[in-house]
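Asker: Just passing along the structure, written as structure tokens.
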Amino acid sequence: MPNPALEAAYATIPELVDHHERKRRVDELHRTVPTADAPEIAAQKIVNEAVEEYLRSGTMPADVEARATEAYTAAVGAHALRSAVGSLYAGSIHTQTVESLREMNAPEILAALGTQLADLLKEARKHTEALGAVRTADEALTAGGKAAEAYTALRALLPTLRDIRSGQWDTLRLGQLTGPGSPYQRAKDSGFGDAVGISDETPRGQFTAMQNQRYTLDHLVWLAQMNGVAYVPESVEDVIAAQDAYETRHSVSDAPPVIDLSPKVIPNTPAPAPKPRPAHGRKPAPADIVNNIN
């Protein structure tokens, strides 16, 4: 079943618009060009009819060869046209080409979905104040008036929110390995692909809604009131990085402190000259002086 939000995003990509227009034309041509026999079969039908006529009347039609040649010639063009249209049609329904185009233009598709999300929440904010605490149909009936009108308007926006999120994950899946344990599945189940700035203060119910992709009116109101929180991620890696940052927010590194083991550089400066020291010891005795003279 087509996703309206995703189709609207595709409509902003010129390459995809051109591809779909070419496919539409091929589909129309395939419906209108009649089927055609191969030339040999077309000529053989004329000959077979002439043989039947001969068996009934005993006379072979004189123009059988001319008519067979004419049928053969006409069938050459018709059969060639039909074969060409058939080849075009087979190629147009092959998904590889369109999937490749979507993968190549994934950033632009995601940006278009992000614009749709911003417009949706802008519209939702027009009704959140009047809604008040109303969240269910029974509460809306009880409240009546502006609250009931706001409830109806917001309920009408929910399918679009779901389509945007579904289109988001369909686009992020392009070129990715999927399945349990894959980075794509981890990102999709993480709850970090819908809103930025998730913290310990994020309401548990809202975080669970994002993990399970179960979007309620209460979740839509929360997104609208938390201005600037909702987003469409650019890649699977961005979602995983946001999850890792949150999960390691309180972690302390177990690594020992870094010790600088680089060799010390000692400047090659000359040592200062020693200061003269005062003389120490006893004074020479008179006898020592005499002995030195002698």
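The way I read the labels, and the way they are meant: chains A, B, ... in the order of the structure tokens, residue 1 as the first residue of every chain, and ligand 1 as the first ligand shown, with later ones counted on from there.
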If we count only C-alpha atoms and set the cut-off at 10 Å, which residues sit around Val33 (chain A), ignoring sequence neighbours fewer than 3 positions away in its own chain? Please answer as a ChimeraX atom specification.
Answerer: /A:28-30,36,78,81-82,85-86
Asker: Excluding same-chain residues fewer than 3 positions from Ala148 (chain A), what lies within 12 Å of it counting only C-alpha atoms, as a ChimeraX atom specification?
Answerer: /A:127-145,151-155
Asker: How would the residues just picked look written out with N, CA and C atoms as a short mmCIF file (atom, residue, chain, number, x, y, z; two decimals), in the first residue's frame?
Answerer:
data_model
loop_
_atom_site.label_atom_id
_atom_site.label_comp_id
_atom_site.auth_asym_id
_atom_site.auth_seq_id
_atom_site.Cartn_x
_atom_site.Cartn_y
_atom_site.Cartn_z
N HIS A 127 -3.65 23.45 18.14
CA HIS A 127 -4.78 22.83 18.83
C HIS A 127 -4.44 22.32 20.24
N THR A 128 -3.17 22.31 20.61
CA THR A 128 -2.80 21.71 21.90
C THR A 128 -3.34 22.50 23.09
N GLU A 129 -3.38 23.82 22.97
CA GLU A 129 -3.87 24.61 24.10
C GLU A 129 -5.36 24.36 24.33
N ALA A 130 -6.13 24.33 23.25
CA ALA A 130 -7.57 24.09 23.38
C ALA A 130 -7.86 22.67 23.85
N LEU A 131 -6.97 21.75 23.52
CA LEU A 131 -7.19 20.35 23.91
C LEU A 131 -7.12 20.18 25.41
N GLY A 132 -6.22 20.92 26.06
CA GLY A 132 -6.08 20.79 27.50
C GLY A 132 -5.62 19.40 27.89
N ALA A 133 -6.31 18.79 28.86
CA ALA A 133 -5.93 17.46 29.35
C ALA A 133 -6.67 16.34 28.63
N VAL A 134 -7.48 16.67 27.65
CA VAL A 134 -8.24 15.65 26.91
C VAL A 134 -7.29 14.78 26.09
N ARG A 135 -7.47 13.45 26.21
CA ARG A 135 -6.64 12.53 25.44
C ARG A 135 -7.43 11.40 24.79
N THR A 136 -8.66 11.20 25.20
CA THR A 136 -9.46 10.10 24.67
C THR A 136 -10.77 10.63 24.08
N ALA A 137 -11.45 9.77 23.32
CA ALA A 137 -12.72 10.16 22.72
C ALA A 137 -13.76 10.45 23.79
N ASP A 138 -13.80 9.64 24.83
CA ASP A 138 -14.77 9.86 25.91
C ASP A 138 -14.53 11.20 26.59
N GLU A 139 -13.25 11.51 26.83
CA GLU A 139 -12.93 12.80 27.46
C GLU A 139 -13.31 13.96 26.54
N ALA A 140 -13.14 13.77 25.24
CA ALA A 140 -13.51 14.82 24.29
C ALA A 140 -15.02 15.04 24.28
N LEU A 141 -15.78 13.94 24.32
CA LEU A 141 -17.24 14.07 24.36
C LEU A 141 -17.69 14.76 25.63
N THR A 142 -17.05 14.45 26.73
CA THR A 142 -17.41 15.06 28.00
C THR A 142 -17.07 16.55 28.00
N ALA A 143 -15.88 16.87 27.48
CA ALA A 143 -15.45 18.27 27.49
C ALA A 143 -16.23 19.11 26.48
N GLY A 144 -16.45 18.56 25.27
CA GLY A 144 -17.18 19.28 24.24
C GLY A 144 -16.47 20.55 23.81
N GLY A 145 -17.16 21.37 23.02
CA GLY A 145 -16.66 22.68 22.62
C GLY A 145 -15.32 22.64 21.91
N TYR A 151 -9.46 17.87 19.66
CA TYR A 151 -9.23 16.41 19.66
C TYR A 151 -9.44 15.85 18.25
N THR A 152 -10.50 16.26 17.59
CA THR A 152 -10.78 15.77 16.24
C THR A 152 -9.68 16.18 15.27
N ALA A 153 -9.22 17.43 15.39
CA ALA A 153 -8.18 17.92 14.49
C ALA A 153 -6.86 17.18 14.70
N LEU A 154 -6.51 16.93 15.95
CA LEU A 154 -5.26 16.24 16.25
C LEU A 154 -5.32 14.76 15.85
N ARG A 155 -6.47 14.15 16.05
CA ARG A 155 -6.62 12.75 15.64
C ARG A 155 -6.41 12.61 14.14
#
Asker: Suppose you want the space between CA of Glu234 (chain A) and CA of Leu217 (chain A); what is it in Å?
Answerer: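 A separation of 25.5 Å between them.
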Asker: Just how far from CA of Ser100 (chain A) is CA of Arg31 (chain A), in Å to one decimal?
Answerer: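 Pair CA of Arg31 (chain A) / CA of Ser100 (chain A) returns 26.7 Å.
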Asker: Between CA of Glu103 (chain A) and CA of Pro4 (chain A), what distance in Å does the model show, to one decimal?
Answerer: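 Between CA of Glu103 (chain A) and CA of Pro4 (chain A) the gap works out to 18.6 Å.
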Asker: Would you please work out which residue, of A:Gln213, A:Ser235, A:Thr35, A:Gln243, is nearest to Arg162 (chain A) when using only C-alpha atoms?
Answerer: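 That would be A:Gln213, the residue with the smallest distance to Arg162 (chain A).
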Asker: What are the closest atom pairs, with distances in Å to one decimal, for each residue of region 12-103 of chain A lying within 12 Å of region 165-178 of chain A, using only C-alpha atoms, rows by chain and rising residue number, as a tab-separated table?
Answerer:
residue	atom	partner	partner_atom	distance
A:Gln96	CA	A:Leu174	CA	11.6
A:Val98	CA	A:Leu174	CA	11.4
A:Glu99	CA	A:Leu174	CA	7.7
A:Ser100	CA	A:Leu174	CA	8.6
A:Leu101	CA	A:Leu174	CA	10.3
A:Arg102	CA	A:Thr171	CA	7.7
A:Glu103	CA	A:Leu174	CA	5.6
Asker: Please run DSSP on the backbone and report, as a PyMOL selection string, all residues within region 29-244 of chain A that come out as helix (DSSP H, G or I).
Answerer: chain A and resi 29-32+39-57+64-92+95-104+106-131+137-143+145-172+183-190+204-212+217-225+236-244
Asker: Which neighbours of Asp37 (chain A) fall inside 8 Å, counting only C-alpha atoms, when residues of the same chain fewer than 4 positions from it are skipped, and could you give them as a list in words?
Answerer: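 Result of the neighbour search: Ile41, Ala42, Ala75 and His79 of chain A.
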Asker: Go ahead and dump the residues you just picked, N, CA and C atoms, as a compact mmCIF listing (two decimals), in the first residue's frame.
Answerer:
# COMPACT_ATOMS: atom_id res chain seq x y z
N ILE A 41 4.14 -16.66 -38.31
CA ILE A 41 2.82 -17.16 -37.91
C ILE A 41 1.73 -16.42 -38.68
N ALA A 42 1.89 -15.10 -38.87
CA ALA A 42 0.89 -14.32 -39.61
C ALA A 42 0.77 -14.82 -41.05
N ALA A 75 3.22 -7.86 -40.14
CA ALA A 75 3.51 -8.43 -38.82
C ALA A 75 4.91 -8.08 -38.35
N HIS A 79 4.99 -6.76 -34.70
CA HIS A 79 5.64 -7.64 -33.74
C HIS A 79 6.86 -6.96 -33.11
Asker: Please list as number ranges by chain every residue within 8 Å of Leu158 (chain A), counting only C-alpha atoms and excluding residues in the same chain fewer than 5 positions away.
Answerer: A: 215-217, 220
Asker: Filtering to N, CA and C atoms, could you give me those residues as a PDB file, in the first residue's frame?
Answerer:
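For reference, result_24.pdb as written:
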ATOM      1  N   TYR A 215       2.380   5.393  17.812  1.00  0.00           N
ATOM      2  CA  TYR A 215       2.173   6.818  18.004  1.00  0.00           C
ATOM      3  C   TYR A 215       0.714   7.119  18.323  1.00  0.00           C
ATOM      4  N   THR A 216       0.505   7.683  19.494  1.00  0.00           N
ATOM      5  CA  THR A 216      -0.832   8.017  19.972  1.00  0.00           C
ATOM      6  C   THR A 216      -1.022   9.532  19.945  1.00  0.00           C
ATOM      7  N   LEU A 217      -2.245   9.952  20.230  1.00  0.00           N
ATOM      8  CA  LEU A 217      -2.525  11.383  20.308  1.00  0.00           C
ATOM      9  C   LEU A 217      -1.696  12.025  21.416  1.00  0.00           C
ATOM     10  N   LEU A 220       1.737  12.658  20.062  1.00  0.00           N
ATOM     11  CA  LEU A 220       1.735  13.783  19.131  1.00  0.00           C
ATOM     12  C   LEU A 220       1.704  15.105  19.887  1.00  0.00           C
TER      13      LEU A 220
END
Asker: From the options A:Glu65, A:Glu52, A:Glu123, A:Asp194, which residue's atoms come nearest to Ala156 (chain A), counting only C-alpha atoms?
Answerer: A:Glu123
Asker: Measuring between only C-alpha atoms, which one of A:Lys146, A:Lys122, A:His219, A:Lys23 shows the shortest distance to Thr202 (chain A)?
Answerer: A:His219
